[in-house]
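Colleague: Okay, handing you the structure first.
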Amino acid sequence: MTGGAPLAVVVKGWPRLSETFIAQELAALEAAGHRFDIWSLRHPTDRRRHPLHDRVRAQVHYLPEYLHDEPRRVLRGLARAARLPGFGAARRLWLADLRRDPTRNRVRRFGQACVLATEASGDLCALYAHFLHTPSSVTRYAAVMRGLPWAFSAHAKDIWTSPEWEIGEKLDPARAGAAFGVTCTASGAAHLRGLSRGTSVNLVYHGLDLSRFPPPPARGPRAPGDPLRILSVGRLVEKKGFDQLVAALALLPGDLDWRWTHVGGGDLKDALRAQAQAAGIAGRIDWKGALPQPEVVAEMQAADLFVLPSRVASDGDRDGLPNVLMEAASQALPILTTPVSAIPEFITDGLHGVLSDDAPEALAAAIAGIAADPDAAAARAAAALARLRAEFMMQPGIDDLSARLARMVGGA
(Lines give C-alpha, C1' and ligand atoms only; values in the text may rest on other atoms or scores of the structure.)
Protein backbone atom coordinates (compact mmCIF):
# COMPACT_ATOMS: atom_id res chain seq x y z
CA MET A 1 0.00 0.00 0.00
CA THR A 2 1.32 3.43 -0.95
CA GLY A 3 0.23 7.00 -0.29
CA GLY A 4 -2.71 8.29 -2.26
CA ALA A 5 -6.35 9.31 -2.09
CA PRO A 6 -8.11 9.23 1.31
CA LEU A 7 -11.39 7.93 -0.18
CA ALA A 8 -12.06 4.82 -2.28
CA VAL A 9 -15.18 4.88 -4.47
CA VAL A 10 -16.36 1.38 -5.40
CA VAL A 11 -18.55 0.95 -8.50
CA LYS A 12 -19.86 -1.98 -10.55
CA GLY A 13 -18.22 -0.83 -13.76
CA TRP A 14 -16.44 2.22 -15.12
CA PRO A 15 -17.25 3.90 -17.39
CA ARG A 16 -20.86 2.99 -18.17
CA LEU A 17 -23.07 4.84 -20.61
CA SER A 18 -26.18 3.88 -18.64
CA GLU A 19 -24.85 5.34 -15.36
CA THR A 20 -24.14 8.97 -16.15
CA PHE A 21 -25.62 9.92 -12.77
CA ILE A 22 -22.54 8.36 -11.13
CA ALA A 23 -20.14 10.19 -13.43
CA GLN A 24 -22.03 13.45 -12.81
CA GLU A 25 -21.73 12.96 -9.05
CA LEU A 26 -18.04 12.06 -9.09
CA ALA A 27 -17.13 15.02 -11.31
CA ALA A 28 -19.02 17.32 -8.93
CA LEU A 29 -17.35 15.79 -5.85
CA GLU A 30 -13.95 16.40 -7.41
CA ALA A 31 -14.96 20.00 -8.09
CA ALA A 32 -15.91 20.25 -4.39
CA GLY A 33 -12.37 19.26 -3.44
CA HIS A 34 -12.69 15.53 -2.70
CA ARG A 35 -9.78 13.25 -3.59
CA PHE A 36 -10.59 9.65 -4.34
CA ASP A 37 -9.65 6.64 -6.40
CA ILE A 38 -12.25 4.63 -8.31
CA TRP A 39 -12.30 0.86 -7.80
CA SER A 40 -14.37 -0.96 -10.41
CA LEU A 41 -15.61 -4.54 -10.03
CA ARG A 42 -15.88 -4.93 -13.79
CA HIS A 43 -14.08 -3.79 -16.91
CA PRO A 44 -16.00 -1.53 -19.29
CA THR A 45 -18.18 -3.14 -21.93
CA ASP A 46 -19.41 0.01 -23.69
CA ARG A 47 -17.32 0.97 -26.69
CA ARG A 48 -18.04 4.67 -26.27
CA ARG A 49 -17.77 7.18 -23.44
CA HIS A 50 -19.65 10.26 -22.35
CA PRO A 51 -17.62 13.49 -22.27
CA LEU A 52 -18.61 13.58 -18.60
CA HIS A 53 -16.46 10.52 -17.90
CA ASP A 54 -13.44 12.39 -19.19
CA ARG A 55 -14.02 15.16 -16.65
CA VAL A 56 -13.36 12.75 -13.79
CA ARG A 57 -9.64 12.84 -13.05
CA ALA A 58 -9.53 10.12 -10.36
CA GLN A 59 -7.28 7.14 -10.87
CA VAL A 60 -9.24 4.05 -11.89
CA HIS A 61 -8.36 0.56 -10.65
CA TYR A 62 -9.98 -2.62 -11.91
CA LEU A 63 -10.44 -5.44 -9.43
CA PRO A 64 -10.29 -9.04 -10.72
CA GLU A 65 -13.63 -9.41 -12.49
CA TYR A 66 -13.40 -13.17 -12.06
CA LEU A 67 -10.96 -14.58 -9.52
CA HIS A 68 -9.62 -17.23 -11.89
CA ASP A 69 -8.62 -14.50 -14.37
CA GLU A 70 -5.90 -13.18 -12.04
CA PRO A 71 -5.08 -16.01 -9.62
CA ARG A 72 -1.69 -14.66 -8.52
CA ARG A 73 -3.13 -11.25 -7.74
CA VAL A 74 -5.99 -12.80 -5.78
CA LEU A 75 -3.72 -15.14 -3.79
CA ARG A 76 -1.35 -12.27 -3.06
CA GLY A 77 -4.28 -10.17 -1.87
CA LEU A 78 -5.56 -12.99 0.34
CA ALA A 79 -2.14 -13.57 1.91
CA ARG A 80 -1.65 -9.88 2.63
CA ALA A 81 -5.22 -9.41 3.83
CA ALA A 82 -4.77 -12.26 6.32
CA ARG A 83 -2.23 -10.04 8.12
CA LEU A 84 -4.63 -7.12 8.48
CA PRO A 85 -6.10 -6.65 11.98
CA GLY A 86 -9.70 -6.85 10.76
CA PHE A 87 -9.31 -9.90 8.54
CA GLY A 88 -10.76 -12.35 11.08
CA ALA A 89 -13.86 -10.23 11.63
CA ALA A 90 -14.34 -9.77 7.88
CA ARG A 91 -13.95 -13.49 7.28
CA ARG A 92 -16.59 -14.28 9.92
CA LEU A 93 -19.01 -11.81 8.30
CA TRP A 94 -18.37 -13.33 4.90
CA LEU A 95 -18.80 -16.93 6.10
CA ALA A 96 -22.12 -16.00 7.72
CA ASP A 97 -23.21 -14.43 4.40
CA LEU A 98 -21.92 -17.43 2.43
CA ARG A 99 -24.03 -19.86 4.46
CA ARG A 100 -27.15 -17.93 3.42
CA ASP A 101 -25.94 -17.22 -0.11
CA PRO A 102 -23.66 -20.13 -1.18
CA THR A 103 -22.82 -18.78 -4.64
CA ARG A 104 -19.71 -18.13 -6.68
CA ASN A 105 -20.64 -14.47 -6.68
CA ARG A 106 -20.35 -14.38 -2.88
CA VAL A 107 -16.90 -16.02 -3.07
CA ARG A 108 -15.86 -13.52 -5.73
CA ARG A 109 -16.90 -10.61 -3.50
CA PHE A 110 -14.55 -11.71 -0.73
CA GLY A 111 -11.66 -12.22 -3.13
CA GLN A 112 -12.20 -8.77 -4.61
CA ALA A 113 -12.38 -7.30 -1.11
CA CYS A 114 -8.99 -8.82 -0.22
CA VAL A 115 -7.44 -7.21 -3.30
CA LEU A 116 -9.12 -3.86 -2.59
CA ALA A 117 -8.10 -3.86 1.09
CA THR A 118 -4.45 -4.57 0.30
CA GLU A 119 -3.94 -2.54 -2.86
CA ALA A 120 -5.78 0.64 -1.79
CA SER A 121 -3.86 3.68 -0.67
CA GLY A 122 -2.05 3.63 2.66
CA ASP A 123 -3.67 7.01 3.29
CA LEU A 124 -7.15 5.54 2.81
CA CYS A 125 -9.58 6.87 5.43
CA ALA A 126 -12.99 5.67 4.20
CA LEU A 127 -14.81 3.81 1.43
CA TYR A 128 -17.97 4.75 -0.47
CA ALA A 129 -19.93 2.32 -2.66
CA HIS A 130 -22.40 2.98 -5.45
CA PHE A 131 -25.18 0.39 -5.17
CA LEU A 132 -26.17 -1.50 -2.05
CA HIS A 133 -25.76 -5.03 -3.39
CA THR A 134 -22.47 -6.38 -4.78
CA PRO A 135 -20.37 -3.18 -4.58
CA SER A 136 -21.40 -2.62 -0.96
CA SER A 137 -20.57 -6.22 -0.04
CA VAL A 138 -17.04 -5.85 -1.41
CA THR A 139 -16.75 -2.45 0.28
CA ARG A 140 -18.01 -3.72 3.64
CA TYR A 141 -15.60 -6.67 3.77
CA ALA A 142 -12.64 -4.49 2.75
CA ALA A 143 -13.57 -1.75 5.22
CA VAL A 144 -13.68 -4.25 8.09
CA MET A 145 -10.27 -5.63 7.08
CA ARG A 146 -8.81 -2.13 7.18
CA GLY A 147 -10.79 -0.96 10.21
CA LEU A 148 -12.33 1.94 8.28
CA PRO A 149 -15.83 3.40 7.93
CA TRP A 150 -17.85 3.01 4.75
CA ALA A 151 -20.99 4.45 3.22
CA PHE A 152 -23.21 3.72 0.23
CA SER A 153 -25.48 5.27 -2.36
CA ALA A 154 -28.45 3.03 -3.24
CA HIS A 155 -30.49 3.35 -6.42
CA ALA A 156 -33.13 0.90 -7.65
CA LYS A 157 -32.41 -2.77 -8.40
CA ASP A 158 -30.07 -2.99 -5.42
CA ILE A 159 -32.88 -1.83 -3.10
CA TRP A 160 -35.72 -3.95 -4.45
CA THR A 161 -33.99 -7.25 -5.28
CA SER A 162 -31.50 -7.64 -2.41
CA PRO A 163 -32.61 -9.99 0.39
CA GLU A 164 -33.87 -8.15 3.45
CA TRP A 165 -31.46 -9.96 5.78
CA GLU A 166 -28.52 -8.59 3.80
CA ILE A 167 -29.85 -5.04 3.65
CA GLY A 168 -30.61 -5.14 7.38
CA GLU A 169 -27.05 -6.15 8.25
CA LYS A 170 -25.54 -3.50 5.99
CA LEU A 171 -27.70 -1.01 7.90
CA ASP A 172 -26.64 -2.32 11.31
CA PRO A 173 -23.66 -0.58 12.98
CA ALA A 174 -23.28 -3.61 15.26
CA ARG A 175 -22.68 -5.79 12.17
CA ALA A 176 -20.14 -3.52 10.48
CA GLY A 177 -22.92 -1.68 8.71
CA ALA A 178 -22.49 1.58 6.86
CA ALA A 179 -21.76 4.87 8.59
CA PHE A 180 -24.54 6.36 6.48
CA GLY A 181 -26.48 5.72 3.32
CA VAL A 182 -28.06 7.93 0.69
CA THR A 183 -30.61 7.07 -1.95
CA CYS A 184 -32.16 9.00 -4.78
CA THR A 185 -35.90 8.51 -4.19
CA ALA A 186 -38.29 9.06 -1.29
CA SER A 187 -39.84 5.63 -1.84
CA GLY A 188 -36.42 3.95 -1.71
CA ALA A 189 -35.45 5.90 1.39
CA ALA A 190 -38.66 4.89 3.17
CA HIS A 191 -38.09 1.22 2.32
CA LEU A 192 -34.49 1.24 3.57
CA ARG A 193 -35.37 3.13 6.74
CA GLY A 194 -37.89 0.41 7.49
CA LEU A 195 -35.06 -2.16 7.34
CA SER A 196 -32.38 -0.11 9.09
CA ARG A 197 -31.03 -1.19 12.46
CA GLY A 198 -29.35 2.10 13.24
CA THR A 199 -27.71 3.40 10.06
CA SER A 200 -29.20 6.67 8.84
CA VAL A 201 -30.56 6.68 5.30
CA ASN A 202 -30.94 10.08 3.66
CA LEU A 203 -32.83 11.20 0.56
CA VAL A 204 -30.43 12.85 -1.87
CA TYR A 205 -31.79 13.34 -5.39
CA HIS A 206 -29.21 13.05 -8.15
CA GLY A 207 -30.70 16.07 -9.83
CA LEU A 208 -29.34 17.46 -13.06
CA ASP A 209 -26.45 19.76 -13.85
CA LEU A 210 -28.08 21.96 -16.47
CA SER A 211 -24.74 23.53 -17.37
CA ARG A 212 -24.05 20.30 -19.30
CA PHE A 213 -27.19 20.66 -21.43
CA PRO A 214 -28.08 23.08 -24.21
CA PRO A 215 -31.16 25.29 -23.92
CA PRO A 216 -34.35 23.56 -25.07
CA PRO A 217 -35.21 24.02 -28.73
CA ALA A 218 -38.12 26.14 -29.89
CA ARG A 219 -40.73 23.55 -30.79
CA GLY A 220 -43.47 24.60 -33.18
CA PRO A 221 -46.31 22.54 -34.62
CA ARG A 222 -45.31 19.56 -36.74
CA ALA A 223 -45.08 20.38 -40.41
CA PRO A 224 -47.65 18.73 -42.70
CA GLY A 225 -46.41 15.30 -43.63
CA ASP A 226 -44.03 15.01 -40.66
CA PRO A 227 -44.54 11.95 -38.45
CA LEU A 228 -44.93 12.14 -34.68
CA ARG A 229 -41.36 11.51 -33.55
CA ILE A 230 -41.44 9.34 -30.43
CA LEU A 231 -38.24 8.76 -28.45
CA SER A 232 -37.35 6.33 -25.66
CA VAL A 233 -34.02 6.03 -23.86
CA GLY A 234 -33.33 3.10 -21.58
CA ARG A 235 -31.87 -0.37 -21.40
CA LEU A 236 -33.81 -3.13 -23.12
CA VAL A 237 -34.69 -4.96 -19.91
CA GLU A 238 -38.00 -6.07 -18.42
CA LYS A 239 -38.47 -3.21 -15.95
CA LYS A 240 -38.37 -0.59 -18.72
CA GLY A 241 -41.56 -2.01 -20.27
CA PHE A 242 -40.56 -1.59 -23.90
CA ASP A 243 -42.38 -4.78 -24.91
CA GLN A 244 -45.58 -3.05 -23.79
CA LEU A 245 -44.68 0.01 -25.82
CA VAL A 246 -44.02 -2.01 -28.97
CA ALA A 247 -47.46 -3.58 -28.54
CA ALA A 248 -48.95 -0.13 -28.00
CA LEU A 249 -47.37 1.27 -31.16
CA ALA A 250 -49.05 -1.50 -33.15
CA LEU A 251 -52.41 -0.30 -31.78
CA LEU A 252 -52.06 3.36 -32.81
CA PRO A 253 -54.76 4.60 -35.19
CA GLY A 254 -54.00 4.27 -38.84
CA ASP A 255 -54.34 8.00 -39.51
CA LEU A 256 -51.53 8.84 -37.04
CA ASP A 257 -48.17 8.89 -38.77
CA TRP A 258 -45.41 8.11 -36.30
CA ARG A 259 -41.83 6.97 -35.95
CA TRP A 260 -40.20 5.54 -32.82
CA THR A 261 -36.49 5.86 -31.98
CA HIS A 262 -35.00 3.80 -29.19
CA VAL A 263 -31.61 4.55 -27.59
CA GLY A 264 -29.92 1.96 -25.38
CA GLY A 265 -28.64 -1.60 -25.35
CA GLY A 266 -29.86 -4.60 -23.41
CA ASP A 267 -30.56 -8.31 -23.37
CA LEU A 268 -34.05 -8.04 -24.89
CA LYS A 269 -32.89 -6.42 -28.12
CA ASP A 270 -33.45 -9.43 -30.36
CA ALA A 271 -36.80 -10.34 -28.76
CA LEU A 272 -38.15 -6.81 -29.14
CA ARG A 273 -37.02 -6.56 -32.74
CA ALA A 274 -38.76 -9.86 -33.46
CA GLN A 275 -41.90 -8.56 -31.71
CA ALA A 276 -41.88 -5.42 -33.86
CA GLN A 277 -41.35 -7.48 -37.01
CA ALA A 278 -44.26 -9.76 -36.14
CA ALA A 279 -46.48 -6.74 -35.47
CA GLY A 280 -45.66 -5.28 -38.87
CA ILE A 281 -44.15 -2.06 -37.53
CA ALA A 282 -40.41 -2.78 -37.77
CA GLY A 283 -40.03 -0.32 -40.65
CA ARG A 284 -41.15 2.57 -38.42
CA ILE A 285 -38.61 1.91 -35.67
CA ASP A 286 -34.97 3.02 -35.38
CA TRP A 287 -32.84 1.05 -32.90
CA LYS A 288 -29.88 3.30 -32.14
CA GLY A 289 -28.14 1.26 -29.43
CA ALA A 290 -26.20 2.96 -26.65
CA LEU A 291 -25.14 6.53 -27.43
CA PRO A 292 -22.99 9.11 -25.60
CA GLN A 293 -24.96 11.86 -23.93
CA PRO A 294 -24.47 14.61 -26.55
CA GLU A 295 -26.08 12.34 -29.14
CA VAL A 296 -28.88 11.43 -26.74
CA VAL A 297 -29.61 15.12 -26.20
CA ALA A 298 -29.64 15.68 -29.95
CA GLU A 299 -32.26 12.92 -30.28
CA MET A 300 -34.32 14.63 -27.56
CA GLN A 301 -34.15 17.95 -29.35
CA ALA A 302 -35.41 16.36 -32.55
CA ALA A 303 -38.26 14.41 -30.90
CA ASP A 304 -41.89 15.36 -30.25
CA LEU A 305 -42.63 12.97 -27.37
CA PHE A 306 -40.58 11.04 -24.81
CA VAL A 307 -42.02 7.70 -23.64
CA LEU A 308 -40.72 5.55 -20.77
CA PRO A 309 -43.24 2.80 -19.81
CA SER A 310 -41.49 1.63 -16.62
CA ARG A 311 -42.98 -1.24 -14.60
CA VAL A 312 -42.13 -3.62 -11.78
CA ALA A 313 -40.25 -6.63 -13.18
CA SER A 314 -41.06 -10.22 -12.23
CA ASP A 315 -38.09 -10.34 -9.83
CA GLY A 316 -39.16 -7.12 -8.09
CA ASP A 317 -36.67 -4.89 -9.91
CA ARG A 318 -37.94 -1.43 -10.82
CA ASP A 319 -36.73 2.02 -11.71
CA GLY A 320 -36.04 4.64 -9.07
CA LEU A 321 -36.34 8.11 -10.55
CA PRO A 322 -34.75 7.71 -14.00
CA ASN A 323 -32.41 10.60 -14.74
CA VAL A 324 -33.46 10.37 -18.36
CA LEU A 325 -36.84 11.87 -17.42
CA MET A 326 -35.08 14.95 -16.08
CA GLU A 327 -32.92 15.05 -19.19
CA ALA A 328 -36.04 14.99 -21.38
CA ALA A 329 -37.54 17.77 -19.24
CA SER A 330 -34.37 19.84 -19.72
CA GLN A 331 -35.18 19.91 -23.45
CA ALA A 332 -38.88 20.78 -22.88
CA LEU A 333 -39.80 17.43 -24.42
CA PRO A 334 -43.32 16.23 -23.53
CA ILE A 335 -43.20 13.12 -21.33
CA LEU A 336 -45.38 10.02 -21.18
CA THR A 337 -44.44 7.55 -18.44
CA THR A 338 -45.95 5.41 -15.69
CA PRO A 339 -46.53 5.96 -11.95
CA VAL A 340 -43.93 3.39 -10.89
CA SER A 341 -41.70 3.79 -7.86
CA ALA A 342 -40.44 7.38 -7.57
CA ILE A 343 -41.51 8.69 -10.98
CA PRO A 344 -44.49 10.60 -9.45
CA GLU A 345 -41.98 12.41 -7.21
CA PHE A 346 -41.02 14.36 -10.35
CA ILE A 347 -43.95 13.97 -12.77
CA THR A 348 -47.45 14.89 -11.59
CA ASP A 349 -50.03 13.48 -13.99
CA GLY A 350 -51.59 16.20 -16.14
CA LEU A 351 -49.25 18.89 -14.84
CA HIS A 352 -45.68 17.88 -15.78
CA GLY A 353 -46.50 15.03 -18.16
CA VAL A 354 -48.85 12.10 -18.55
CA LEU A 355 -48.75 9.07 -16.22
CA SER A 356 -50.37 6.06 -17.85
CA ASP A 357 -51.05 2.46 -17.00
CA ASP A 358 -48.46 0.34 -18.83
CA ALA A 359 -51.10 -1.75 -20.65
CA PRO A 360 -50.62 -1.41 -24.44
CA GLU A 361 -54.18 -0.11 -24.92
CA ALA A 362 -53.64 2.62 -22.30
CA LEU A 363 -50.27 3.63 -23.73
CA ALA A 364 -51.67 3.78 -27.26
CA ALA A 365 -54.59 5.96 -26.11
CA ALA A 366 -52.20 8.28 -24.25
CA ILE A 367 -49.91 8.67 -27.27
CA ALA A 368 -52.87 9.42 -29.55
CA GLY A 369 -54.26 11.93 -27.05
CA ILE A 370 -50.94 13.76 -26.74
CA ALA A 371 -50.57 13.88 -30.51
CA ALA A 372 -54.07 15.36 -30.83
CA ASP A 373 -53.39 18.24 -28.38
CA PRO A 374 -49.83 19.52 -28.88
CA ASP A 375 -50.54 22.79 -27.04
CA ALA A 376 -51.42 20.94 -23.85
CA ALA A 377 -48.34 18.73 -24.28
CA ALA A 378 -46.14 21.81 -24.65
CA ALA A 379 -47.62 23.37 -21.51
CA ARG A 380 -46.89 20.23 -19.49
CA ALA A 381 -43.35 20.13 -20.85
CA ALA A 382 -42.80 23.75 -19.80
CA ALA A 383 -44.07 22.93 -16.30
CA ALA A 384 -41.70 19.96 -16.03
CA LEU A 385 -38.75 22.16 -17.03
CA ALA A 386 -39.77 24.74 -14.42
CA ARG A 387 -40.00 22.05 -11.73
CA LEU A 388 -36.61 20.66 -12.75
CA ARG A 389 -35.03 24.08 -12.32
CA ALA A 390 -36.78 24.74 -9.00
CA GLU A 391 -36.52 21.39 -7.22
CA PHE A 392 -34.27 18.91 -9.02
CA MET A 393 -30.98 20.64 -9.68
CA MET A 394 -27.78 18.72 -8.91
CA GLN A 395 -25.99 21.09 -6.55
CA PRO A 396 -28.11 20.79 -3.37
CA GLY A 397 -27.69 17.02 -3.37
CA ILE A 398 -23.95 17.30 -4.04
CA ASP A 399 -23.56 19.77 -1.17
CA ASP A 400 -25.34 17.35 1.18
CA LEU A 401 -23.36 14.30 0.06
CA SER A 402 -20.07 16.21 0.05
CA ALA A 403 -20.56 17.28 3.67
CA ARG A 404 -21.38 13.71 4.77
CA LEU A 405 -18.34 12.26 3.01
CA ALA A 406 -16.09 14.97 4.44
CA ARG A 407 -17.27 14.18 7.96
CA MET A 408 -16.72 10.46 7.45
CA VAL A 409 -13.23 10.92 6.01
CA GLY A 410 -12.30 13.53 8.61
CA GLY A 411 -13.62 11.42 11.47
CA ALA A 412 -11.62 8.42 10.33
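Chain labels follow the order of the C-alpha coordinates: the first chain is A, the next B, and so on; residue numbering restarts at 1 in every chain, and ligands are counted from 1 in their shown order.
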Where in stretch 2-54 of chain A does DSSP assign strand (DSSP E), given as a PyMOL selection string?
Modeller: chain A and resi 7-13+36-42
Colleague: Skipping near chain neighbours, those fewer than 5 positions away, what residues fall within 7 Å of stretch 173-176 of chain A using only C-alpha atoms, listed as a PyMOL selection string?
Modeller: chain A and resi 144+198-199
Colleague: Could you give me, as a tab-separated table, every stretch 31-106 of chain A residue with an atom at most 12 Å from stretch 258-279 of chain A, plus its closest atom pair and distance in Å to one decimal, counting only C-alpha atoms, rows ordered by chain then number?
Modeller:
residue	atom	partner	partner_atom	distance
A:Thr45	CA	A:Gly265	CA	11.1
A:Asp46	CA	A:Gly265	CA	9.5
A:Arg47	CA	A:Gly265	CA	11.7
Colleague: Identify which of the residues A:Arg35, A:Lys170, A:Lys12, A:Arg83 lies closest to A:Pro64, counting only C-alpha atoms when measuring atom-to-atom distances.
Modeller: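 Smallest distance to A:Pro64 is found for A:Lys12.
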Colleague: Which residue out of A:Gly410, A:Pro215, A:Pro44, A:Pro334 has the minimum interatomic distance to A:Ala379 when only C-alpha atoms are used?
Modeller: A:Pro334
Colleague: Give me, as a list in words, all polymer residues having an atom no more than 9 Å from A:Met394, counting only C-alpha atoms and skipping those fewer than 6 positions away in the same chain.
Modeller: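 Residues near the query, excluding close chain neighbours: Gln24, Glu25, Ala28, Tyr205, His206, Gly207, Leu208, Asp209 and Leu210 of chain A.
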Colleague: Counting only C-alpha atoms, which of A:Arg55, A:Arg76, A:Arg387, A:His61 gets nearest to A:Gly13?
Modeller: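 For A:Gly13, the nearest of the given residues is A:His61.
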Colleague: Find, counting only C-alpha atoms, the residue in A:Gly33, A:Gly188, A:Gly289, A:Pro294 that gets nearest to A:Glu327.
Modeller: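 Between A:Gly33, A:Gly188, A:Gly289, A:Pro294, the residue approaching A:Glu327 most closely is A:Pro294.
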Colleague: With only C-alpha atoms as the atoms that count, which of A:Ala178, A:Val9, A:Leu192, A:Ala81 lies nearest to A:Ala117?
Modeller: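 Selected residue with least distance to A:Ala117: A:Ala81.
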Colleague: With only C-alpha atoms as the atoms that count, which of A:Pro85, A:Gly181, A:Gly254, A:Pro163 lies nearest to A:Met408?
Modeller: A:Gly181
Colleague: Can you list, as a ChimeraX atom specification, every residue of stretch 176-248 of chain A that DSSP puts in helix (DSSP H, G or I)?
Modeller: /A:186-195,210-212,238-240,242-248
Colleague: Name the residues in contact with A:Ala303 at a cut-off of 7 Å, using only C-alpha atoms, excluding same-chain residues fewer than 4 positions from it; report them as a list of chain:residue names.
Modeller: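 Residues near the query, excluding close chain neighbours: A:Arg229, A:Ile230, A:Leu231, A:Glu299.
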